[in-house]
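Engineer: Below is the structure I would like to discuss, written out as structure tokens.
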Amino acid sequence: MSISDISTSIGNIHLSNPLILASGILDENGHTMKRILSEGAAAVVTKSIGMEERNGYKPPIVATDDPIFINAVGLPNPGINDVGEEIKIARESGKPIIGSIFGKDENEFIHLAVKMQEYGVSAVELNLSCPHVKGFGSEIGGDPTLVKKIVKGVKGSISIPAWAKLSPNVTNLLDIAIAASDSDALVLINTVRGMKIDIYSGRPVLSNKVGGLSGSSIKPVGIRCVYEVKSNLDIPVIGVGGIESALDAVEYIMAGATAVQIGTALWKYGRAVFSKVSMELVEFMSSEGYEKIEEFRGIALK
Amino acid sequence: MSISDISTSIGNIHLSNPLILASGILDENGHTMKRILSEGAAAVVTKSIGMEERNGYKPPIVATDDPIFINAVGLPNPGINDVGEEIKIARESGKPIIGSIFGKDENEFIHLAVKMQEYGVSAVELNLSCPHVKGFGSEIGGDPTLVKKIVKGVKGSISIPAWAKLSPNVTNLLDIAIAASDSDALVLINTVRGMKIDIYSGRPVLSNKVGGLSGSSIKPVGIRCVYEVKSNLDIPVIGVGGIESALDAVEYIMAGATAVQIGTALWKYGRAVFSKVSMELVEFMSSEGYEKIEEFRGIALK
Amino acid sequence: MINSIRILRNEINTPTVNSLYFHWDAMVEPGQFVMVWVPGISEIPMSLSLTGKEKCLTVKKYGDTSNALSKVEPGERIFFRGPYGKPFTRVKGKTLLVGGGSGMASLRPLIDKNASGVVAARSSDELLFKELFAKDRITVATDDGSEGIKGNIVDAMREIELEAFEMIYVCGPERMIKSIVDFVSVRKINMELSLERNMKCGIGICDSCSIDGFQLCTDGPTFNLSTVLTMKEFGRTKLAESGKRIWF
Amino acid sequence: MINSIRILRNEINTPTVNSLYFHWDAMVEPGQFVMVWVPGISEIPMSLSLTGKEKCLTVKKYGDTSNALSKVEPGERIFFRGPYGKPFTRVKGKTLLVGGGSGMASLRPLIDKNASGVVAARSSDELLFKELFAKDRITVATDDGSEGIKGNIVDAMREIELEAFEMIYVCGPERMIKSIVDFVSVRKINMELSLERNMKCGIGICDSCSIDGFQLCTDGPTFNLSTVLTMKEFGRTKLAESGKRIWF
Ligand SMILES: Cc1cc2nc3c(=O)[nH]c(=O)nc-3n(C[C@H](O)[C@H](O)[C@H](O)COP(=O)(O)OP(=O)(O)OC[C@H]3O[C@@H](n4cnc5c(N)ncnc54)[C@H](O)[C@@H]3O)c2cc1C
Ligand SMILES: Cc1cc2nc3c(=O)[nH]c(=O)nc-3n(C[C@H](O)[C@H](O)[C@H](O)COP(=O)(O)OP(=O)(O)OC[C@H]3O[C@@H](n4cnc5c(N)ncnc54)[C@H](O)[C@@H]3O)c2cc1C
Ligand SMILES: Cc1cc2nc3c(=O)[nH]c(=O)nc-3n(C[C@H](O)[C@H](O)[C@H](O)COP(=O)(O)O)c2cc1C
Ligand SMILES: Cc1cc2nc3c(=O)[nH]c(=O)nc-3n(C[C@H](O)[C@H](O)[C@H](O)COP(=O)(O)O)c2cc1C
Ligand code: FES
Ligand code: FES
């Protein structure tokens, strides 16, 4: 049997493997992104970038209890004006950089997207879904009208693809997905709103109290969201949430995902997670007799 | 130090310990409920009961991969007319039986609640939140107007307490909690919508495809919901979601819960989970110098 | 976790029973079962009819799921989770294995040089695994008298000195087990009975297999005689798919 | 998981440094650290200054969090998670421990009969743990000349035959480490350096401690000299709390 081909494409963006670094995990510093790309990620999404510099929340910003992982980082970022330098460093890798952005309205999103395009990113990812920062989370990502406006506005202002990243913390995901369907791909899912209290101090652990649950605990939620959207809409979907192994990635792909993102798994496996999952994927595909990813993409939808 | 007192009360319902069997887990058959009560649960909530007999979904009804637990049982139940016999058997225990009910509108809920009262339950629990049965889940539990109407209608028709069980699968839980605040207590949370695909068959595991995630993975979501509601509303809350040990129960109580329910943990610990958690709770309280549960209830809210 | 394992061979045992052989390196003890998923159809409990390194499912064709399962071909996969349930208690001395319907499947791993058997079926060609016992150690009953005693399993048991056995293992449909329990009643014998009930979850969550507050899937399926004698629901009422109490 | 452990005693080491002693039965190696949470204030990285059965945090009072931590009284709890990070490499022969600021905290578990020390501080009363070395094995430098050499840590190191040591361990603020690295440069010595940077997560997720694509919290905090010499960001730029690149 010929060796399995694990490459994939999202629109015109070609990926040597289907594994992308998720936004917010080791992707503020240009050198960090470059190193992760050199160690096996096919692409990286930057930390979500806003109009102004933001410090984010005070530590503790993570509350962990394996496999539970909750974060409330609070969207720290250097601001759009200063991020260009980091993207420049990351681009030395020659691999696609996706610029994640967040704003409070259509105009901010457009400004940020245009700047990102200037910096040479391959696509922008609209973070419509941060679950724990007031004004940027469900206030935006839970409102179909606003989502539609932002996506339309951004699409009309740039020539590179725009992906819309949605939240699972909504009553009806499909409504939001339809509202965002002018985008070139949907990214599902952001974190699930959660919280941890330390019972010996009697205090919420995170300085922001509420945070976002990620990692293996939310994989079933991510799979459900991808499946639900792909059952109803014909739009590329990028799966994210709890992927730690090729088996997890395959589950997302069988639910219809074109590619996947990995974040929290770096906690357990470090940057090596990308080469690990790639290797496992080749192994899975050759033992199951798949030569290309397309052969099993979306098969659970039938 | 005197021995710690782990009793609690929800309104006029006195519980010898704060641990209640959650709806849907080993609570269809009267003898089963009676046995669980004799082995340490302070009270049981029945399986959710509707107007007519319902078979529920075909197996597989559970998809498990420790600690992931997803179910789509599909609300099987004998129907309100035949459940009286089971409740009668369960009541021989002398402990409180809570009758869980689900319906598609106000009138059904009222009819069911009145019947439950006739059967001698100590309270009814309105299941406004089954995440995977069309017509009974988010269609109801995600609509504040309908929730308000159902709660008001039921409260006007019975003299026993009515608890409202809410779903975390909503954009804004607080809106729903406010709508349900005419009830005597809120029960938080029902399962989180999730799904599992088997990658060797390429098929969703559950016959219903989508199910509800429960167990330890959703504890952070449950804690967040209880905390969010108790930070804003002055109503008794019963915490449920992922409780396996006294430490989990204490976390809910510190978030403001008056009592807790346990479901999925029976998977790992069997019926013995109730006596296990009770013992652990006494241990925790005496080592931390607490004599009564009230001393630490809600301390994380301050 | 769902095991997905390719079967090695599919053996026809009787016109209505097939055995699927496969390798599965899990520790399983006689009496335990797995939940077998036939994608697109349903999921059903099945005992392991071999518990060594090579495992086996012995499937009697009742309905859609067991029919589909019985048709799995060598090289194709079966999907199952487990093992679940409490095994039979092993003893050193002479044993008697009493199986009706597909019940012999779960007793098969107990067949050894100390074991005698009682096998019952409607007619001769449906007698399962009787050939695995030594000729002088097997008692057979058929409803139509086509082989052995004409009669039911209790009629066959009447022929046997039950007190001579260190342990009597029984497996079959509840109605059959009920007749055996009524027959032996409070006689001084050691008996373990593997019960069969509707199972949906297999892991002690859904209440569909319950009997007197015990869950067959976790507290059983094997129970000793004295426990079964205390069960008020045994042989009388069970739960329908809906959870409704129904009478046998 | 957050450990919450009552401290046994709080020892004053210098006017700005306290040590908190406690029992914690975790395997920790010299150079590793924990993330210490002071509820209501913040969470900061702290090296273990004892790594046997009795553990110790040695806290220099910089800001709110370290000040609050330094006031924890015997019987009160500290909250922390870990241990995290790559430890120092242990060697058999003679070692030199070079610590500035609170740096001596993480070096303290390495003090043994083979160890010599270089301790620097602003003035005499801020010299940390110098008394733990044999009199003839310690070199001291103070900015104000109140004890030892008047000068900085590099001035003290000039007095010492560095090639004589099997390993030189260095810990302190990046600026100080930079001056040491510039000083020793490509000399043929074995040196490991424990770096300090802003840390938010401690577990390789948030990028706030990164240097040249390495995460201090997981790839470090200890690095060998040759790795540090390849780092383009070392001593030049770091990340502000926002993630913005700032110059030293
Ligand atoms: C612990 C346990 C272990 C089991 N081990 C085995 C085993 O090793 N081999 C095996 O073949 N079966 C075994 N069974 C029984 C098996 O689970 C059922 O045969 C199966 O559920 C039938 O499913 P189906 O979808 O094919 O038939 P269904 O569509 O469910 O049933 C079709 C018809 O057959 C009847 N029927 C179904 N099951 C039985 C039964 N057990 N006895 C009598 N009539 C029945 C039904 O009432 C119906 O009329 C076991 C059951 C339990 C609880
Ligand atoms: C791996 C690692 C191990 C560490 N081990 C120890 C240890 O064992 N003992 C210990 O006391 N500290 C140690 N630190 C440093 C410690 O984390 C900081 O002192 C702490 O973060 C200060 O927090 P704060 O809130 O008290 O001060 P902040 O409010 O953060 O700072 C107050 C002022 O002090 C300055 N400051 C803060 N930290 C330092 C520093 N490290 N060096 C110089 N100036 C500083 C700030 O720039 C600011 O001006 C370690 C750091 C790392 C990365
Ligand atoms: C520490 C942390 C920071 C994150 N920051 C962002 C962010 O800035 N923008 C964003 O769109 N998603 C952010 N996320 C969400 C992740 O990109 C991802 O959607 C989520 O963590 C689920 O994937 P995982 O389980 O692989 O981590 C963050 C997640 C974590 C854990
Ligand atoms: C198998 C199963 C069946 C359930 N059935 C019901 C039900 O009928 N009505 C209801 O309100 N909740 C039902 N639930 C939800 C539980 O009562 C509970 O809210 C949820 O499982 C979270 O608690 P846990 O993590 O302790 O299981 C069910 C949960 C499970 C696992
Ligand atoms: S099959 Fe569900 S409890 Fe036994
Ligand atoms: S402190 Fe977060 S990556 Fe190191």
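Residue numbers start at 1 in each chain; chains themselves are named A, B, ... in the order of the structure tokens; ligands are numbered from 1 in the order shown.
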Return the neighbours of chain B among the residues of chain A, cut-off 7 Å, counting only C-alpha atoms, as a list of chain:residue names.
Structural biologist: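 Here they are: A:Ile68, A:Gly142, A:Asn169, A:Val170, A:Thr171, A:Arg193, A:Gly194, A:Met195, A:Lys196, A:Ile197, A:Ile199, A:Gly202, A:Arg203, A:Pro204, A:Val210, A:Ser217, A:Pro220, A:Val221, A:Ile223, A:Arg224, A:Val250, A:Glu251, A:Met254, A:Ile299, A:Ala300.
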Engineer: Hey, which residues sit close to ligand 1? Say within 7 Å, counting only C-alpha atoms and all ligand atoms, and write them as a PyMOL selection string.
Structural biologist: chain C and resi 33+42+44-49+57-67+101-103+105-106+173+195-199+217+221
Engineer: Residues of stretch 109-204 of chain A in strand (DSSP E) according to DSSP, as a ChimeraX atom specification?
Structural biologist: /A:123-127,162-166,185-188,192-195,197-198,203-204
Engineer: Save out the residues we just selected, C-alpha atoms, as an mmCIF file, in the first residue's frame.
Structural biologist:
data_model
loop_
_atom_site.group_PDB
_atom_site.id
_atom_site.type_symbol
_atom_site.label_atom_id
_atom_site.label_comp_id
_atom_site.auth_asym_id
_atom_site.auth_seq_id
_atom_site.Cartn_x
_atom_site.Cartn_y
_atom_site.Cartn_z
ATOM 1 C CA ALA A 123 -6.444 34.238 6.518
ATOM 2 C CA VAL A 124 -8.100 35.979 9.414
ATOM 3 C CA GLU A 125 -10.003 34.145 12.104
ATOM 4 C CA LEU A 126 -12.810 36.160 13.665
ATOM 5 C CA ASN A 127 -13.028 35.333 17.339
ATOM 6 C CA ALA A 162 -12.036 34.979 6.711
ATOM 7 C CA TRP A 163 -12.888 32.179 9.123
ATOM 8 C CA ALA A 164 -15.511 32.644 11.820
ATOM 9 C CA LYS A 165 -14.842 31.029 15.182
ATOM 10 C CA LEU A 166 -18.012 30.264 17.091
ATOM 11 C CA ALA A 185 -14.870 28.476 6.984
ATOM 12 C CA LEU A 186 -16.311 28.023 10.443
ATOM 13 C CA VAL A 187 -14.036 27.195 13.350
ATOM 14 C CA LEU A 188 -15.829 25.117 16.004
ATOM 15 C CA VAL A 192 -17.184 26.101 27.255
ATOM 16 C CA ARG A 193 -17.949 28.459 30.155
ATOM 17 C CA GLY A 194 -16.800 26.835 33.382
ATOM 18 C CA MET A 195 -15.431 27.521 36.812
ATOM 19 C CA ILE A 197 -13.590 26.718 43.323
ATOM 20 C CA ASP A 198 -10.794 25.750 45.663
ATOM 21 C CA ARG A 203 -12.361 30.916 46.631
ATOM 22 C CA PRO A 204 -12.799 30.726 42.887
#
Engineer: Can you list, as number ranges by chain, every protein, DNA or RNA residue that comes within 7 Å of D:Gly204 when you count only C-alpha atoms, leaving out same-chain residues fewer than 5 positions away?
Structural biologist: A: 267; D: 215, 217-218
Engineer: Return the single residue from D:Lys71, D:Arg245, D:Arg77, D:Lys53 that is closest to chain B, with distances computed using only C-alpha atoms.
Structural biologist: D:Arg77
Engineer: Compile a residue-level contact table for chain C against ligand 5 at a cut-off of 6 Å, reporting for every qualifying residue the shortest atom pair and its distance in Å to one decimal, with only C-alpha atoms and all ligand atoms counted, rows ordered by chain and ascending number, as CSV.
Structural biologist:
residue,atom,partner,partner_atom_place_in_ligand_line,distance
C:Met199,CA,ligand 5,1 (S),3.8
C:Lys200,CA,ligand 5,1 (S),4.5
C:Cys201,CA,ligand 5,2 (Fe),3.9
C:Gly202,CA,ligand 5,1 (S),3.8
C:Ile203,CA,ligand 5,2 (Fe),5.6
C:Gly204,CA,ligand 5,3 (S),3.5
C:Ile205,CA,ligand 5,3 (S),4.4
C:Cys206,CA,ligand 5,2 (Fe),3.8
C:Asp207,CA,ligand 5,3 (S),4.0
C:Ser208,CA,ligand 5,2 (Fe),5.2
C:Cys209,CA,ligand 5,4 (Fe),4.4
C:Gln215,CA,ligand 5,4 (Fe),5.1
C:Leu216,CA,ligand 5,4 (Fe),5.6
C:Cys217,CA,ligand 5,4 (Fe),4.3
Engineer: DSSP on the backbone, then: every residue of stretch 81-218 of chain D marked helix (DSSP H, G or I), written as a PyMOL selection string.
Structural biologist: chain D and resi 101-110+124-126+130-132+135-137+153-158+162-164+174-184
Engineer: I'd like the neighbourhood of B:Ala180 as a list in words, where a residue qualifies if any of its atoms comes within 10 Å (using only C-alpha atoms), though same-chain residues fewer than 2 positions away should be ignored.
Structural biologist: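 Selected residues are Leu128, Gly141, Pro144, Thr145, Leu146, Val147, Lys148, Lys149, Ile150, Val151, Lys152, Trp163, Ala164, Lys165, Leu166, Leu174, Asp175, Ile176, Ala177, Ile178, Asp182, Ser183, Asp184, Ala185 and Leu186 of chain B.
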Engineer: Could you name the residues that touch C:Gln32 at 6 Å or less, counting only C-alpha atoms, but leaving out those on the same chain fewer than 5 positions away, as a list of chain:residue names?
Structural biologist: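 The contact residues come out as C:Ser47, C:Tyr84, C:Gly85, C:Pro87.
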Engineer: Write out the residues from the selection above, keeping C-alpha atoms, as a PDB file, in the first residue's frame.
Structural biologist:
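Generated file (result.pdb):
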ATOM      1  CA  SER C  47     -21.915 -13.600  27.324  1.00  0.00           C
ATOM      2  CA  TYR C  84     -19.240  -6.365  32.545  1.00  0.00           C
ATOM      3  CA  GLY C  85     -20.978  -8.123  35.378  1.00  0.00           C
ATOM      4  CA  PRO C  87     -18.743 -13.813  37.155  1.00  0.00           C
TER       5      PRO C  87
END
Engineer: Which residues come within 10 Å of C:Pro109, counting only C-alpha atoms, excluding same-chain residues fewer than 4 positions away, as a list of chain:residue names?
Structural biologist: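 Near C:Pro109, the qualifying residues are C:Glu29, C:Pro30, C:Gly31, C:Leu48, C:Ser49, C:Leu50, C:Thr51, C:Gly52, C:Lys55, C:Cys56, C:Met104, C:Ala105.
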Engineer: Write out the residues from the selection above, keeping all heavy atoms, as a PDB file, in the first residue's frame.
Structural biologist:
ATOM      1  N   GLU C  29     -13.979 -13.450  32.989  1.00  0.00           N
ATOM      2  CA  GLU C  29     -14.283 -14.671  33.721  1.00  0.00           C
ATOM      3  C   GLU C  29     -15.648 -15.213  33.306  1.00  0.00           C
ATOM      4  O   GLU C  29     -16.529 -14.442  32.926  1.00  0.00           O
ATOM      5  CB  GLU C  29     -14.240 -14.404  35.226  1.00  0.00           C
ATOM      6  CG  GLU C  29     -12.814 -14.098  35.694  1.00  0.00           C
ATOM      7  CD  GLU C  29     -12.722 -14.137  37.196  1.00  0.00           C
ATOM      8  OE1 GLU C  29     -12.835 -15.241  37.757  1.00  0.00           O
ATOM      9  OE2 GLU C  29     -12.585 -13.072  37.807  1.00  0.00           O
ATOM     10  N   PRO C  30     -15.807 -16.516  33.393  1.00  0.00           N
ATOM     11  CA  PRO C  30     -17.073 -17.126  32.985  1.00  0.00           C
ATOM     12  C   PRO C  30     -18.257 -16.468  33.685  1.00  0.00           C
ATOM     13  O   PRO C  30     -18.223 -16.264  34.902  1.00  0.00           O
ATOM     14  CB  PRO C  30     -16.921 -18.589  33.422  1.00  0.00           C
ATOM     15  CG  PRO C  30     -15.451 -18.833  33.412  1.00  0.00           C
ATOM     16  CD  PRO C  30     -14.832 -17.536  33.842  1.00  0.00           C
ATOM     17  N   GLY C  31     -19.270 -16.121  32.920  1.00  0.00           N
ATOM     18  CA  GLY C  31     -20.449 -15.478  33.480  1.00  0.00           C
ATOM     19  C   GLY C  31     -20.507 -14.000  33.138  1.00  0.00           C
ATOM     20  O   GLY C  31     -21.563 -13.381  33.216  1.00  0.00           O
ATOM     21  N   LEU C  48     -19.571 -14.109  27.134  1.00  0.00           N
ATOM     22  CA  LEU C  48     -18.405 -14.668  26.462  1.00  0.00           C
ATOM     23  C   LEU C  48     -18.493 -16.178  26.596  1.00  0.00           C
ATOM     24  O   LEU C  48     -18.548 -16.698  27.716  1.00  0.00           O
ATOM     25  CB  LEU C  48     -17.117 -14.161  27.109  1.00  0.00           C
ATOM     26  CG  LEU C  48     -16.567 -12.796  26.680  1.00  0.00           C
ATOM     27  CD1 LEU C  48     -16.424 -12.740  25.152  1.00  0.00           C
ATOM     28  CD2 LEU C  48     -17.438 -11.660  27.163  1.00  0.00           C
ATOM     29  N   SER C  49     -18.484 -16.870  25.475  1.00  0.00           N
ATOM     30  CA  SER C  49     -18.585 -18.327  25.547  1.00  0.00           C
ATOM     31  C   SER C  49     -17.210 -18.991  25.502  1.00  0.00           C
ATOM     32  O   SER C  49     -17.108 -20.210  25.580  1.00  0.00           O
ATOM     33  CB  SER C  49     -19.491 -18.856  24.436  1.00  0.00           C
ATOM     34  OG  SER C  49     -18.955 -18.524  23.181  1.00  0.00           O
ATOM     35  N   LEU C  50     -16.173 -18.168  25.385  1.00  0.00           N
ATOM     36  CA  LEU C  50     -14.800 -18.618  25.655  1.00  0.00           C
ATOM     37  C   LEU C  50     -14.126 -17.465  26.374  1.00  0.00           C
ATOM     38  O   LEU C  50     -14.315 -16.306  25.997  1.00  0.00           O
ATOM     39  CB  LEU C  50     -14.030 -18.931  24.375  1.00  0.00           C
ATOM     40  CG  LEU C  50     -14.277 -20.254  23.670  1.00  0.00           C
ATOM     41  CD1 LEU C  50     -13.385 -20.362  22.435  1.00  0.00           C
ATOM     42  CD2 LEU C  50     -14.028 -21.436  24.604  1.00  0.00           C
ATOM     43  N   THR C  51     -13.307 -17.771  27.373  1.00  0.00           N
ATOM     44  CA  THR C  51     -12.731 -16.679  28.166  1.00  0.00           C
ATOM     45  C   THR C  51     -11.219 -16.756  28.248  1.00  0.00           C
ATOM     46  O   THR C  51     -10.607 -16.045  29.045  1.00  0.00           O
ATOM     47  CB  THR C  51     -13.334 -16.688  29.597  1.00  0.00           C
ATOM     48  OG1 THR C  51     -13.139 -17.991  30.150  1.00  0.00           O
ATOM     49  CG2 THR C  51     -14.804 -16.365  29.589  1.00  0.00           C
ATOM     50  N   GLY C  52     -10.609 -17.606  27.449  1.00  0.00           N
ATOM     51  CA  GLY C  52      -9.141 -17.650  27.409  1.00  0.00           C
ATOM     52  C   GLY C  52      -8.617 -16.549  26.512  1.00  0.00           C
ATOM     53  O   GLY C  52      -9.248 -15.504  26.356  1.00  0.00           O
ATOM     54  N   LYS C  55     -11.401 -15.568  22.417  1.00  0.00           N
ATOM     55  CA  LYS C  55     -12.725 -15.336  22.985  1.00  0.00           C
ATOM     56  C   LYS C  55     -13.771 -15.732  21.957  1.00  0.00           C
ATOM     57  O   LYS C  55     -13.466 -15.900  20.777  1.00  0.00           O
ATOM     58  CB  LYS C  55     -12.897 -13.858  23.328  1.00  0.00           C
ATOM     59  CG  LYS C  55     -11.834 -13.260  24.257  1.00  0.00           C
ATOM     60  CD  LYS C  55     -12.067 -13.645  25.689  1.00  0.00           C
ATOM     61  CE  LYS C  55     -11.218 -12.844  26.681  1.00  0.00           C
ATOM     62  NZ  LYS C  55      -9.759 -12.980  26.510  1.00  0.00           N
ATOM     63  N   CYS C  56     -14.993 -15.833  22.422  1.00  0.00           N
ATOM     64  CA  CYS C  56     -16.061 -16.254  21.521  1.00  0.00           C
ATOM     65  C   CYS C  56     -17.405 -15.671  21.970  1.00  0.00           C
ATOM     66  O   CYS C  56     -17.666 -15.552  23.164  1.00  0.00           O
ATOM     67  CB  CYS C  56     -16.138 -17.785  21.514  1.00  0.00           C
ATOM     68  SG  CYS C  56     -17.323 -18.457  20.330  1.00  0.00           S
ATOM     69  N   MET C 104     -26.585 -21.807  27.388  1.00  0.00           N
ATOM     70  CA  MET C 104     -25.373 -22.626  27.398  1.00  0.00           C
ATOM     71  C   MET C 104     -24.151 -21.804  26.989  1.00  0.00           C
ATOM     72  O   MET C 104     -23.015 -22.162  27.331  1.00  0.00           O
ATOM     73  CB  MET C 104     -25.573 -23.812  26.443  1.00  0.00           C
ATOM     74  CG  MET C 104     -24.868 -25.076  26.893  1.00  0.00           C
ATOM     75  SD  MET C 104     -25.390 -25.617  28.534  1.00  0.00           S
ATOM     76  CE  MET C 104     -23.849 -26.244  29.151  1.00  0.00           C
ATOM     77  N   ALA C 105     -24.379 -20.710  26.259  1.00  0.00           N
ATOM     78  CA  ALA C 105     -23.259 -19.862  25.818  1.00  0.00           C
ATOM     79  C   ALA C 105     -22.416 -19.410  27.004  1.00  0.00           C
ATOM     80  O   ALA C 105     -21.193 -19.550  27.006  1.00  0.00           O
ATOM     81  CB  ALA C 105     -23.785 -18.645  25.054  1.00  0.00           C
TER      82      ALA C 105
END
Engineer: Contacts of C:Ile111 at 9 Å or less, counting only C-alpha atoms, minus same-chain residues fewer than 2 places along, as number ranges by chain?
Structural biologist: C: 95, 97, 107-109, 113-117, 132-133
Engineer: Out of D:Lys178, D:Lys86, D:Lys232, D:Arg81, which residue has the shortest atom-to-atom distance to ligand 2 when counting only C-alpha atoms and all ligand atoms?
Structural biologist: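 Answer, going by the shortest atom-to-atom distance: D:Lys86.
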Engineer: Expressed in Å to a single decimal, how great is the separation between atom CA of D:Gly82 and atom CA of A:Pro59?
Structural biologist: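 Atom CA of A:Pro59 lies 15.0 Å from atom CA of D:Gly82.
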Engineer: Quick one: residues within 7 Å of ligand 3, with only C-alpha atoms and all ligand atoms, as a PyMOL selection string?
Structural biologist: (chain A and resi 22-25+47-48+70-71+73+75+100+127+129-130+165+189-191+214-216+218+240-243+261-265) or (chain D and resi 205-206)
Engineer: Enumerate, in order of chain and increasing residue number, the residues of chain A with an atom no farther than 10 Å from ligand 6, each with its shortest atom pair and distance in Å to one decimal, counting only C-alpha atoms and all ligand atoms, as a Markdown table.
Structural biologist:
| residue | atom | partner | partner_atom_place_in_ligand_line | distance |
| --- | --- | --- | --- | --- |
| A:Ile25 | CA | ligand 6 | 3 (S) | 8.3 |
| A:Leu26 | CA | ligand 6 | 3 (S) | 6.7 |
| A:Asp27 | CA | ligand 6 | 3 (S) | 9.9 |
| A:Thr32 | CA | ligand 6 | 3 (S) | 9.9 |
| A:Ile61 | CA | ligand 6 | 2 (Fe) | 9.4 |
| A:Val62 | CA | ligand 6 | 2 (Fe) | 9.5 |
| A:Trp267 | CA | ligand 6 | 3 (S) | 9.4 |
Engineer: Keeping only C-alpha atoms, write those residues as a compact mmCIF listing (two decimals), in the first residue's frame.
Structural biologist:
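Generated output (result28.txt):
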# COMPACT_ATOMS: atom_id res chain seq x y z
CA ILE A 25 -1.90 28.78 23.08
CA LEU A 26 1.75 29.71 22.53
CA ASP A 27 1.08 32.17 19.75
CA THR A 32 7.34 30.72 19.59
CA ILE A 61 -5.23 32.39 34.61
CA VAL A 62 -5.51 28.61 34.54
CA TRP A 267 -0.24 21.05 28.24
